[in-house]
Structure formats: C-alpha cells, structure tokens
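coords.tsv, holding TSV, C-alpha atoms:
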```
chain	number	residue	atom	x	y	z
A	22	MET	CA	0.00	0.00	0.00
A	23	ALA	CA	2.10	2.76	1.21
A	24	ASN	CA	5.83	2.80	0.87
A	25	THR	CA	6.39	4.38	4.23
A	26	VAL	CA	4.70	3.09	7.37
A	27	ILE	CA	5.05	4.59	10.83
A	28	GLY	CA	4.07	1.73	13.11
A	29	SER	CA	1.83	1.98	16.15
A	30	THR	CA	4.61	2.16	18.76
A	31	ILE	CA	6.68	4.72	16.89
A	32	VAL	CA	6.82	8.33	18.02
A	33	ILE	CA	8.39	10.86	15.68
A	34	ASP	CA	9.07	14.40	16.77
A	35	GLY	CA	10.25	16.43	13.81
A	36	GLU	CA	9.77	16.82	10.13
A	37	ILE	CA	8.75	14.27	7.50
A	38	ASN	CA	9.23	15.00	3.81
A	39	GLY	CA	8.40	12.52	1.09
A	40	GLU	CA	7.55	11.82	-2.52
A	41	GLU	CA	5.59	8.69	-1.68
A	42	ALA	CA	2.53	7.62	0.28
A	43	LEU	CA	2.81	7.68	4.06
A	44	THR	CA	0.78	5.63	6.53
A	45	ILE	CA	0.76	6.67	10.16
A	46	GLN	CA	-0.33	4.17	12.80
A	47	GLY	CA	1.81	5.73	15.51
A	48	THR	CA	2.45	9.29	16.60
A	49	VAL	CA	3.97	12.13	14.61
A	50	LYS	CA	4.53	15.63	15.97
A	51	GLY	CA	5.92	18.48	13.91
A	52	LYS	CA	5.46	18.87	10.21
A	53	ILE	CA	4.55	16.62	7.29
A	54	ALA	CA	5.10	17.50	3.64
A	55	LEU	CA	4.22	14.90	1.01
A	56	ALA	CA	3.71	14.79	-2.73
A	57	GLU	CA	1.40	11.79	-2.30
A	58	THR	CA	-1.31	10.50	0.00
A	59	LEU	CA	-1.19	10.62	3.78
A	60	PHE	CA	-3.13	7.97	5.67
A	61	VAL	CA	-3.71	8.50	9.36
A	62	GLU	CA	-4.99	5.12	10.43
A	63	ASN	CA	-7.15	4.20	13.39
A	64	GLY	CA	-4.87	4.57	16.40
A	65	GLY	CA	-2.62	7.00	14.62
A	66	THR	CA	-2.06	10.43	16.12
A	67	VAL	CA	-0.75	13.43	14.24
A	68	GLU	CA	0.01	16.76	15.83
A	69	ALA	CA	1.44	18.53	12.84
A	70	ASP	CA	0.91	20.95	10.05
A	71	ILE	CA	0.25	18.86	6.97
A	72	GLU	CA	0.90	19.69	3.35
A	73	THR	CA	0.01	16.91	0.92
A	74	GLN	CA	-1.87	15.85	-2.17
A	75	THR	CA	-4.51	13.82	-0.32
A	76	VAL	CA	-5.24	13.12	3.33
A	77	THR	CA	-7.36	10.29	4.66
A	78	ILE	CA	-8.05	10.46	8.40
A	79	SER	CA	-9.22	7.49	10.43
A	80	GLY	CA	-7.23	8.43	13.49
A	81	GLN	CA	-6.65	11.73	15.23
A	82	VAL	CA	-5.20	14.86	13.66
A	83	THR	CA	-4.45	18.16	15.34
A	84	GLY	CA	-3.06	20.83	13.05
A	85	ASN	CA	-3.69	22.67	9.84
A	86	ILE	CA	-4.05	20.79	6.57
A	87	LEU	CA	-3.27	22.07	3.12
A	88	ALA	CA	-4.20	19.44	0.54
A	89	LYS	CA	-3.95	20.02	-3.20
A	90	GLU	CA	-6.57	17.42	-4.02
A	91	LYS	CA	-8.68	16.01	-1.22
A	92	VAL	CA	-9.20	15.70	2.52
A	93	GLU	CA	-11.30	12.84	3.80
A	94	ILE	CA	-12.31	12.45	7.44
A	95	ARG	CA	-13.74	8.98	7.90
A	96	ALA	CA	-16.30	7.83	10.45
A	97	ASP	CA	-13.65	7.00	13.09
A	98	GLY	CA	-11.55	10.09	12.33
A	99	LYS	CA	-11.10	13.08	14.61
A	100	MET	CA	-9.71	16.34	13.38
A	101	VAL	CA	-8.98	19.67	15.02
A	102	GLY	CA	-7.60	22.43	12.81
A	103	ASP	CA	-8.12	24.31	9.61
A	104	ILE	CA	-8.49	22.58	6.27
A	105	LYS	CA	-7.76	24.10	2.91
A	106	SER	CA	-8.49	21.86	-0.05
A	107	PRO	CA	-10.69	21.82	-3.17
A	108	ARG	CA	-12.49	18.65	-2.02
A	109	ILE	CA	-13.38	17.91	1.58
A	110	LEU	CA	-15.30	14.83	2.70
A	111	ILE	CA	-16.56	14.41	6.25
A	112	ALA	CA	-18.21	11.07	6.92
A	113	ASP	CA	-21.09	10.44	9.28
A	114	GLY	CA	-19.63	9.83	12.74
A	115	ALA	CA	-16.47	11.85	12.19
A	116	SER	CA	-15.66	14.68	14.56
A	117	PHE	CA	-14.20	17.92	13.29
A	118	LYS	CA	-13.49	21.35	14.71
A	119	GLY	CA	-11.97	24.08	12.58
A	120	ASN	CA	-12.32	26.16	9.47
A	121	VAL	CA	-12.91	24.77	6.01
A	122	ASP	CA	-11.69	26.54	2.90
A	123	MET	CA	-12.55	24.93	-0.44
A	124	ASP	CA	-11.17	27.92	-2.29
A	125	VAL	CA	-14.61	28.81	-3.68
B	25	MET	CA	-1.75	-4.17	15.29
B	26	GLY	CA	0.56	-6.57	17.08
B	27	ASP	CA	2.84	-7.18	14.12
B	28	THR	CA	3.31	-3.57	13.22
B	29	ARG	CA	6.37	-2.86	11.23
B	30	THR	CA	7.69	0.57	10.41
B	31	VAL	CA	9.25	1.32	7.06
B	32	ILE	CA	10.69	4.63	6.01
B	33	GLY	CA	10.47	4.42	2.21
B	34	ALA	CA	13.15	5.44	-0.24
B	35	ALA	CA	11.43	8.72	-1.15
B	36	THR	CA	10.83	9.77	2.45
B	37	ARG	CA	13.02	11.96	4.61
B	38	ILE	CA	12.55	12.46	8.33
B	39	SER	CA	14.42	14.96	10.42
B	40	GLY	CA	13.92	14.94	14.14
B	41	GLN	CA	13.50	12.42	16.88
B	42	LEU	CA	12.14	8.93	16.33
B	43	GLU	CA	11.22	6.52	19.14
B	44	GLY	CA	9.50	3.18	19.16
B	45	ASP	CA	9.06	-0.38	20.41
B	46	GLU	CA	9.05	-2.18	17.08
B	47	ASP	CA	11.32	-3.05	14.18
B	48	LEU	CA	12.21	-0.15	11.95
B	49	THR	CA	13.46	-0.40	8.38
B	50	ILE	CA	14.96	2.64	6.70
B	51	GLN	CA	15.19	2.81	2.92
B	52	GLY	CA	15.05	6.60	2.84
B	53	ARG	CA	16.76	9.13	5.02
B	54	VAL	CA	16.55	9.97	8.71
B	55	ASP	CA	18.41	12.85	10.36
B	56	GLY	CA	18.36	13.38	14.10
B	57	LYS	CA	17.96	10.73	16.76
B	58	ILE	CA	16.56	7.19	16.81
B	59	ARG	CA	15.61	5.21	19.91
B	60	LEU	CA	14.15	1.73	19.58
B	61	THR	CA	13.69	-1.25	21.85
B	62	ARG	CA	13.99	-3.54	18.84
B	63	THR	CA	15.86	-3.86	15.56
B	64	LEU	CA	16.84	-1.00	13.31
B	65	THR	CA	17.69	-2.00	9.74
B	66	VAL	CA	19.32	0.49	7.40
B	67	GLU	CA	18.85	-0.91	3.92
B	68	PRO	CA	21.30	-0.36	1.03
B	69	ALA	CA	19.49	2.76	-0.19
B	70	GLY	CA	19.02	4.08	3.34
B	71	VAL	CA	20.92	6.97	4.84
B	72	VAL	CA	20.87	7.67	8.56
B	73	VAL	CA	22.61	10.66	10.06
B	74	ALA	CA	21.65	10.20	13.68
B	75	ASP	CA	22.63	9.06	17.10
B	76	VAL	CA	21.13	5.62	17.46
B	77	ASP	CA	20.05	3.78	20.61
B	78	VAL	CA	18.58	0.38	19.78
B	79	LYS	CA	18.61	-3.30	20.70
B	80	ASP	CA	19.94	-4.59	17.39
B	81	LEU	CA	21.30	-2.65	14.46
B	82	VAL	CA	21.86	-3.93	10.92
B	83	VAL	CA	23.59	-1.52	8.56
B	84	SER	CA	23.53	-2.28	4.85
B	85	GLY	CA	23.33	1.38	3.85
B	86	VAL	CA	24.99	4.45	5.25
B	87	LEU	CA	25.00	5.41	8.90
B	88	VAL	CA	26.75	8.44	10.34
B	89	GLY	CA	26.47	8.84	14.09
B	90	ASN	CA	27.15	7.16	17.37
B	91	VAL	CA	25.46	3.87	18.08
B	92	THR	CA	24.53	2.27	21.37
B	93	ALA	CA	23.08	-1.20	20.98
B	94	SER	CA	22.00	-3.35	23.92
B	95	ASP	CA	22.54	-6.51	21.86
B	96	SER	CA	24.36	-6.33	18.54
B	97	VAL	CA	25.60	-4.19	15.69
B	98	HIS	CA	25.99	-5.84	12.29
B	99	LEU	CA	27.74	-4.08	9.42
B	100	THR	CA	27.00	-6.05	6.25
B	101	GLU	CA	29.20	-6.10	3.16
B	102	ARG	CA	27.29	-3.14	1.72
B	103	GLY	CA	27.27	-1.22	4.98
B	104	ARG	CA	29.14	2.01	5.49
B	105	MET	CA	29.39	3.61	8.87
B	106	VAL	CA	31.18	6.49	10.52
B	107	GLY	CA	30.82	6.83	14.29
B	108	ASP	CA	31.43	5.09	17.56
B	109	ILE	CA	29.84	1.76	18.41
B	110	ASN	CA	28.97	0.72	21.93
B	111	ALA	CA	27.59	-2.81	21.90
B	112	PRO	CA	28.41	-6.21	23.44
B	113	ARG	CA	28.39	-7.86	20.00
B	114	VAL	CA	29.83	-6.15	16.96
B	115	ILE	CA	29.99	-7.92	13.60
B	116	ILE	CA	31.81	-6.29	10.71
B	117	VAL	CA	31.73	-8.32	7.53
B	118	ALA	CA	34.32	-8.18	4.73
B	119	GLY	CA	33.41	-5.39	2.34
B	120	ALA	CA	31.91	-3.17	5.00
B	121	SER	CA	33.54	0.16	5.63
B	122	PHE	CA	33.73	1.63	9.07
B	123	ARG	CA	35.51	4.47	10.79
B	124	GLY	CA	35.16	5.02	14.52
B	125	ARG	CA	35.68	3.44	17.89
B	126	VAL	CA	34.29	0.17	19.10
B	127	ASP	CA	33.56	-0.58	22.73
B	128	MET	CA	32.21	-4.02	23.58
B	129	GLY	CA	32.05	-3.22	27.31
B	130	ASP	CA	33.45	-5.41	30.05
B	131	MET	CA	35.03	-8.58	28.79
B	132	ASP	CA	34.49	-11.92	30.57
B	133	GLY	CA	35.86	-11.91	34.12
B	134	ALA	CA	37.73	-8.69	33.58
B	135	ARG	CA	35.67	-6.59	35.94
B	136	ALA	CA	38.12	-6.85	38.85
B	137	GLU	CA	40.73	-4.60	37.28
B	138	ARG	CA	39.25	-1.66	35.54
B	139	SER	CA	42.33	-0.47	33.73
B	140	ALA	CA	43.44	-3.90	32.52
B	141	PRO	CA	40.19	-4.87	30.83
B	142	ALA	CA	40.19	-1.57	29.01
B	143	ARG	CA	43.61	-2.40	27.60
B	144	ARG	CA	42.53	-5.92	26.74
B	145	GLU	CA	39.29	-4.81	25.15
B	146	ASN	CA	40.84	-2.63	22.52
B	147	PRO	CA	43.18	-5.25	21.06
B	148	ALA	CA	40.37	-7.80	21.19
B	149	VAL	CA	38.10	-5.46	19.32
B	150	SER	CA	40.84	-4.55	16.92
B	151	SER	CA	41.56	-8.17	16.16
B	152	ALA	CA	37.87	-8.68	15.57
B	153	ALA	CA	37.37	-5.85	13.19
B	154	ALA	CA	38.36	-2.29	13.79
B	155	LEU	CA	42.13	-2.19	13.70
B	156	ARG	CA	42.66	-4.72	10.95
B	157	PRO	CA	41.67	-2.27	8.26
B	158	ALA	CA	43.78	0.32	10.03
B	159	ALA	CA	46.75	-2.06	10.06
B	160	ARG	CA	46.26	-2.67	6.37
B	161	VAL	CA	46.10	1.02	5.75
B	162	GLU	CA	49.29	1.51	7.73
B	163	ALA	CA	50.94	-1.30	5.82
B	164	ARG	CA	49.89	0.30	2.57
B	165	ASN	CA	51.01	3.70	3.71
B	166	ALA	CA	54.33	2.46	5.00
B	167	PRO	CA	55.81	1.45	1.64
B	168	ARG	CA	54.40	4.49	-0.08
B	169	PRO	CA	56.38	7.21	1.72
B	170	PRO	CA	59.74	5.66	0.75
B	171	ALA	CA	58.50	5.13	-2.79
B	172	ALA	CA	57.26	8.67	-3.11
B	173	PRO	CA	60.57	10.34	-2.19
B	174	GLN	CA	62.50	7.98	-4.47
B	175	ARG	CA	60.42	8.79	-7.50
B	176	PRO	CA	60.71	12.56	-7.08
B	177	ALA	CA	64.44	12.17	-6.58
B	178	ILE	CA	64.79	10.26	-9.84
B	179	VAL	CA	62.50	12.61	-11.67
B	180	ALA	CA	64.14	15.65	-10.16
B	181	ALA	CA	67.62	14.69	-11.32
B	182	PRO	CA	67.00	14.73	-15.09
B	183	ARG	CA	64.57	17.64	-15.00
B	184	PRO	CA	66.71	20.41	-13.48
B	185	PRO	CA	69.29	20.37	-16.30
B	186	ALA	CA	66.59	20.76	-18.96
B	187	PRO	CA	64.55	23.70	-17.59
B	188	PRO	CA	67.56	25.93	-16.81
B	189	ALA	CA	68.87	25.31	-20.32
B	190	LYS	CA	65.50	26.27	-21.85
B	191	VAL	CA	65.19	29.29	-19.65
B	192	ALA	CA	68.81	30.39	-20.08
B	193	SER	CA	69.38	30.50	-23.86
B	194	GLY	CA	66.24	28.98	-25.37
B	195	SER	CA	67.64	28.02	-28.81
B	196	ALA	CA	71.16	26.66	-29.15
B	197	ALA	CA	72.21	25.71	-25.64
B	198	PRO	CA	69.29	23.49	-24.60
B	199	ARG	CA	69.19	21.37	-27.73
B	200	PRO	CA	72.78	20.11	-27.66
B	201	PRO	CA	72.47	18.90	-24.06
B	202	SER	CA	69.18	17.23	-24.89
B	203	ALA	CA	70.63	15.77	-28.10
B	204	PRO	CA	73.71	14.20	-26.47
B	205	ALA	CA	71.57	12.89	-23.70
B	206	PRO	CA	69.73	10.35	-25.90
B	207	ASN	CA	72.97	9.40	-27.64
B	208	PRO	CA	74.80	8.10	-24.58
B	209	SER	CA	71.84	6.00	-23.66
B	210	PRO	CA	71.83	3.97	-26.93
B	211	ARG	CA	75.58	3.67	-26.64
B	212	ALA	CA	75.17	2.50	-23.10
B	213	ALA	CA	72.47	0.16	-24.27
B	214	GLU	CA	74.60	-1.33	-27.03
B	215	PRO	CA	77.14	-3.11	-24.85
B	216	PRO	CA	74.42	-4.97	-22.99
B	217	ARG	CA	72.98	-6.08	-26.33
B	218	VAL	CA	76.38	-7.35	-27.36
B	219	ALA	CA	76.74	-9.00	-24.00
B	220	ALA	CA	73.32	-10.52	-24.45
B	221	GLY	CA	74.35	-11.70	-27.89
B	222	ASN	CA	77.47	-13.24	-26.45
B	223	ALA	CA	75.48	-14.81	-23.72
B	224	SER	CA	73.05	-16.32	-26.19
B	225	ALA	CA	75.95	-17.46	-28.35
B	226	ILE	CA	77.58	-19.03	-25.32
B	227	ALA	CA	74.28	-20.58	-24.41
B	228	GLY	CA	73.99	-21.84	-27.99
B	229	THR	CA	77.42	-23.38	-27.88
B	230	ALA	CA	76.64	-24.89	-24.53
B	231	ALA	CA	73.40	-26.26	-25.91
B	232	ALA	CA	75.26	-27.54	-28.96
B	233	ALA	CA	77.94	-29.02	-26.74
B	234	SER	CA	75.56	-30.90	-24.49
B	235	PRO	CA	73.93	-32.96	-27.32
B	236	ALA	CA	77.38	-33.62	-28.64
B	237	ALA	CA	78.44	-34.86	-25.22
B	238	SER	CA	75.41	-37.08	-24.92
B	239	TRP	CA	76.03	-38.41	-28.44
B	240	ALA	CA	79.62	-39.12	-27.44
B	241	LYS	CA	78.39	-40.92	-24.31
B	242	LYS	CA	76.05	-43.04	-26.45
B	243	LYS	CA	78.98	-43.85	-28.66
B	244	LEU	CA	80.96	-44.92	-25.59
B	245	LYS	CA	78.04	-47.07	-24.42
B	246	ARG	CA	77.86	-48.72	-27.86
B	247	ARG	CA	81.51	-49.55	-27.61
```

Go ahead and express the file in the form of structure tokens.
Amino acid sequence: MANTVIGSTIVIDGEINGEEALTIQGTVKGKIALAETLFVENGGTVEADIETQTVTISGQVTGNILAKEKVEIRADGKMVGDIKSPRILIADGASFKGNVDMDV
Amino acid sequence: MGDTRTVIGAATRISGQLEGDEDLTIQGRVDGKIRLTRTLTVEPAGVVVADVDVKDLVVSGVLVGNVTASDSVHLTERGRMVGDINAPRVIIVAGASFRGRVDMGDMDGARAERSAPARRENPAVSSAAALRPAARVEARNAPRPPAAPQRPAIVAAPRPPAPPAKVASGSAAPRPPSAPAPNPSPRAAEPPRVAAGNASAIAGTAAAASPAASWAKKKLKRR
C-alpha cells in the first residue's frame, strides 16, 4: 500500500518529507510535507501541520491541513484544525473542529 | 496491530526524533535521533545521520552517528558507517567500511581490574574488526612514503638540467644537451645487447655441446 509506514509504537518528533505515500499508525509531531497520500490510520495520532496531495483520516489529527486534491475524514476520524483543499469529505460519525476553505 | 512494522520508504526523509518499540526499516533518510527497543535495519538505499540507541542494528546502507546497541551491531558487506559503536556484540563483515571506535564493554571476568580490561578490550576489538583495516592502511602507507621520495628524486635529477637550459638560452644551448643525452643512452644500451648476444651465443654453444656430449656418451656405451 504505502511505501512508508510509521508503526503503532513509533513516536516521531520532527519533520517528514516525502515523494511517496505515508501511513501513520503511531504518533507524529511536527510537520509533514508529502507529494502523495497521507493515511492517518485508526490509532494513529498526528500533531502537525500537513501539506500533501490527499489526506485520509481514520485516526486523530491536530493541526492545519493544506491538501492540493482532497481531505477525507472517515467515520472514526477526529480532526482539530483548519483545512484548505478543493475537495473535503466528512463522513457520518467523524468529529471535526476548525475552518474549512474549499477555495470557492 | 501486534505485528506492526515501520518502514521509512526510499522517497521519504525524516528529520527529528524517532522513538518506538518495534522493528524499523529505513530505505530513505533519517536525520536526528533514533531510539528503539527492537531492531533498526538500514537498507542499502538508506541513509541515517543520527545518534542511534537500539537493541539490534543492521547496517547495509549508510549510517553516520554514534550507536549504542544493547545486543548487537551488524555491518554487512554493503554497509558504510562512521561513528562510535557501543555494543556487546559487533559484527563487521568483509566489504563493509567503518571508521570510529568500538567498545564491547566489560570482557568476561575482567571486571576486577578496571584499567586492565580496558587495555585488553581494545586489542580484542581490533583483532575482531576495527584495527585490521587500520593495520592494512598503515601497511599500505608504510611502503608508499619511501616510494614517493625515491620517485621525485629520480625525476628531479634529469629535469633540473633541462629547464635551466631552456630558460637560459632557449635556442642553441638546450638542444645540444638534450641531443647528447639520448645518444649516450643507446651507446650505453649497445654493450648490454652485445653481451646478451654473447650470452646467447655461449648458451647456444653450450646447448650444442651438451647434445654432442650425450652423443659421445652413447657412442661410448655402444663400444
């Protein structure tokens, strides 16, 4: 699936840059910049400013998101922060607090 | 989620602090600090510039930084590492490159004297891995210094006469010295050729003589 996986017991405090998909099952604090898709899986915790193509949230995200394509907050996802993206999907059951900017 | 495995892909770069209780494989790049309670594997494409504190470490890529491993450090044939290693087991395979210090801790039954084990440890470690390359390097370096001075000395001798001549007059003076120079050398070379010819002639006569002698012996036997 994804080329990079941050496992459930891993805690990263710093900056992640990548040109490939990233799956987070553990904890990342700091900053994430990707040219591909970011998956925050159930159990994953992100406290970071995120800049990617696509974000799919099933875990917990605190921070601002700038996505060029799409942000998806799934039913088990929790998100606190501002989102700026042309497409934003919030599923039934998801929790979200923040501003949404679809660049309308 | 019990069998979680963390992989830092080839196109991913992390800078900062990384901690965890699971195996970590790095194909990309990590700068900063890594602390794991399990195995860290740096794959051939992986680059780690970090202080590392893990249980086991396998380096097949590049690692720059100090390593503390509670169990083992393994430098494979593709591994390159610069930094100090502190681990009870250190394996450095042929082909691996390493620069730094190795400390395997207290050796067996050497805890009584603290200074002695330290002295024993280093040779033991060196015999295992670290100092052998160094010894080879020294061995390589040793012959080179004598060789280097000799070559310049030889080269320096013929050269000085030529440049001053060129610089001094530029037309007539330099050419005669350079012209006679080649001449003596063929002349010097000729006598050896003659000597070689004589030698071969002598050898030929000797060769001719020996069959003759054997033929004479056969004749004697016939009689």

Fill in: Spatial neighbours of A:Phe60, max dist 8 Å, all atoms listed in the file, sep filter under 2 positions, as a list in words
Ala42, Leu43, Thr44, Ile45, Thr58, Glu62, Val76, Thr77, Ile78 and Ser79 of chain A

Restricting the output to C-alpha atoms, write the selected residues as an mmCIF file, in the frame of the given file.
```
data_model
loop_
_atom_site.group_PDB
_atom_site.id
_atom_site.type_symbol
_atom_site.label_atom_id
_atom_site.label_comp_id
_atom_site.auth_asym_id
_atom_site.auth_seq_id
_atom_site.Cartn_x
_atom_site.Cartn_y
_atom_site.Cartn_z
ATOM 1 C CA ALA A 42 2.530 7.620 0.280
ATOM 2 C CA LEU A 43 2.810 7.680 4.060
ATOM 3 C CA THR A 44 0.780 5.630 6.530
ATOM 4 C CA ILE A 45 0.760 6.670 10.160
ATOM 5 C CA THR A 58 -1.310 10.500 0.000
ATOM 6 C CA GLU A 62 -4.990 5.120 10.430
ATOM 7 C CA VAL A 76 -5.240 13.120 3.330
ATOM 8 C CA THR A 77 -7.360 10.290 4.660
ATOM 9 C CA ILE A 78 -8.050 10.460 8.400
ATOM 10 C CA SER A 79 -9.220 7.490 10.430
#
```

Contact check, chain B to chain A, at most 7 Å, counting only C-alpha atoms, closest pairs as CSV:
```
residue,atom,partner,partner_atom,distance
B:Thr28,CA,A:Gly28,CA,5.4
B:Arg29,CA,A:Gly28,CA,5.5
B:Thr30,CA,A:Gly28,CA,4.7
B:Val31,CA,A:Val26,CA,4.9
B:Ile32,CA,A:Thr25,CA,4.7
B:Gly33,CA,A:Thr25,CA,4.6
B:Ala35,CA,A:Glu40,CA,5.2
B:Thr36,CA,A:Gly39,CA,3.9
B:Arg37,CA,A:Asn38,CA,4.9
B:Ile38,CA,A:Ile37,CA,4.3
B:Ser39,CA,A:Glu36,CA,5.0
B:Gly40,CA,A:Gly35,CA,4.0
B:Gln41,CA,A:Asp34,CA,4.9
B:Leu42,CA,A:Ile33,CA,4.3
B:Glu43,CA,A:Val32,CA,4.9
B:Gly44,CA,A:Ile31,CA,3.9
B:Asp45,CA,A:Thr30,CA,5.4
B:Glu46,CA,A:Thr30,CA,6.4
```

Worksheet item: If you count all atoms listed in the file, which residues fall within 7 Å of A:Thr75, apart from same-chain ones fewer than 5 positions away, as an NGL selection string?
Response: :A and (57-59 or 88-92)

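Note that the spacing between atom CA of B:Ile58 and atom CA of A:Gly84 amounts to 24.2 Å.
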
Worksheet item: Out of B:Val106, B:Val54, B:Val97, B:Val126, which residue has the shortest atom-to-atom distance to B:Lys79 when counting all atoms listed in the file?
Response: B:Val97

Practice prompt. Just the residues within 9 Å of A:Gln81, please, counting only C-alpha atoms, with nothing from its chain fewer than 3 positions along; format it as a list in words.
Written response: Val61, Glu62, Asn63, Gly64, Gly65, Thr66, Val67, Glu68, Ile78, Asp97, Gly98, Lys99, Met100 and Val101 of chain A

Please write the residues from the selection above to a file, keeping C-alpha atoms, as a PDB file, keeping the file's coordinate frame.
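Generated file (selection10.pdb):
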```
ATOM      1  CA  VAL A  61      -3.710   8.500   9.360  1.00  0.00           C
ATOM      2  CA  GLU A  62      -4.990   5.120  10.430  1.00  0.00           C
ATOM      3  CA  ASN A  63      -7.150   4.200  13.390  1.00  0.00           C
ATOM      4  CA  GLY A  64      -4.870   4.570  16.400  1.00  0.00           C
ATOM      5  CA  GLY A  65      -2.620   7.000  14.620  1.00  0.00           C
ATOM      6  CA  THR A  66      -2.060  10.430  16.120  1.00  0.00           C
ATOM      7  CA  VAL A  67      -0.750  13.430  14.240  1.00  0.00           C
ATOM      8  CA  GLU A  68       0.010  16.760  15.830  1.00  0.00           C
ATOM      9  CA  ILE A  78      -8.050  10.460   8.400  1.00  0.00           C
ATOM     10  CA  ASP A  97     -13.650   7.000  13.090  1.00  0.00           C
ATOM     11  CA  GLY A  98     -11.550  10.090  12.330  1.00  0.00           C
ATOM     12  CA  LYS A  99     -11.100  13.080  14.610  1.00  0.00           C
ATOM     13  CA  MET A 100      -9.710  16.340  13.380  1.00  0.00           C
ATOM     14  CA  VAL A 101      -8.980  19.670  15.020  1.00  0.00           C
TER      15      VAL A 101
END
```

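Between A:Leu110 and the residues A:Ala69, A:Leu87, A:Met123, A:Val82, the shortest atom-to-atom distance, using only C-alpha atoms, involves A:Met123.
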
Fill in: Length of the atom CA of B:Asp75 to atom CA of B:Asn90 vector [Å]
4.9 Å

Fill in: Atom pair atom CA of A:Asn120 / atom CA of A:Ile86: separation (Å)
10.3 Å

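Of the residues under consideration (B:Arg104, B:His98, B:Arg125, B:Arg113), B:His98 shows the shortest atom-to-atom contact distance to B:Thr63 when counting only C-alpha atoms.
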
Discussion item. Taking (31.0, -0.4, 23.7) as a centre in this file's frame and 12 Å as the limit, can you find every polymer residue with an atom that close, using all atoms listed in the file, and give them as a ChimeraX atom specification?
Written reply: /B:90-97,107-114,124-131,142,145-146,149
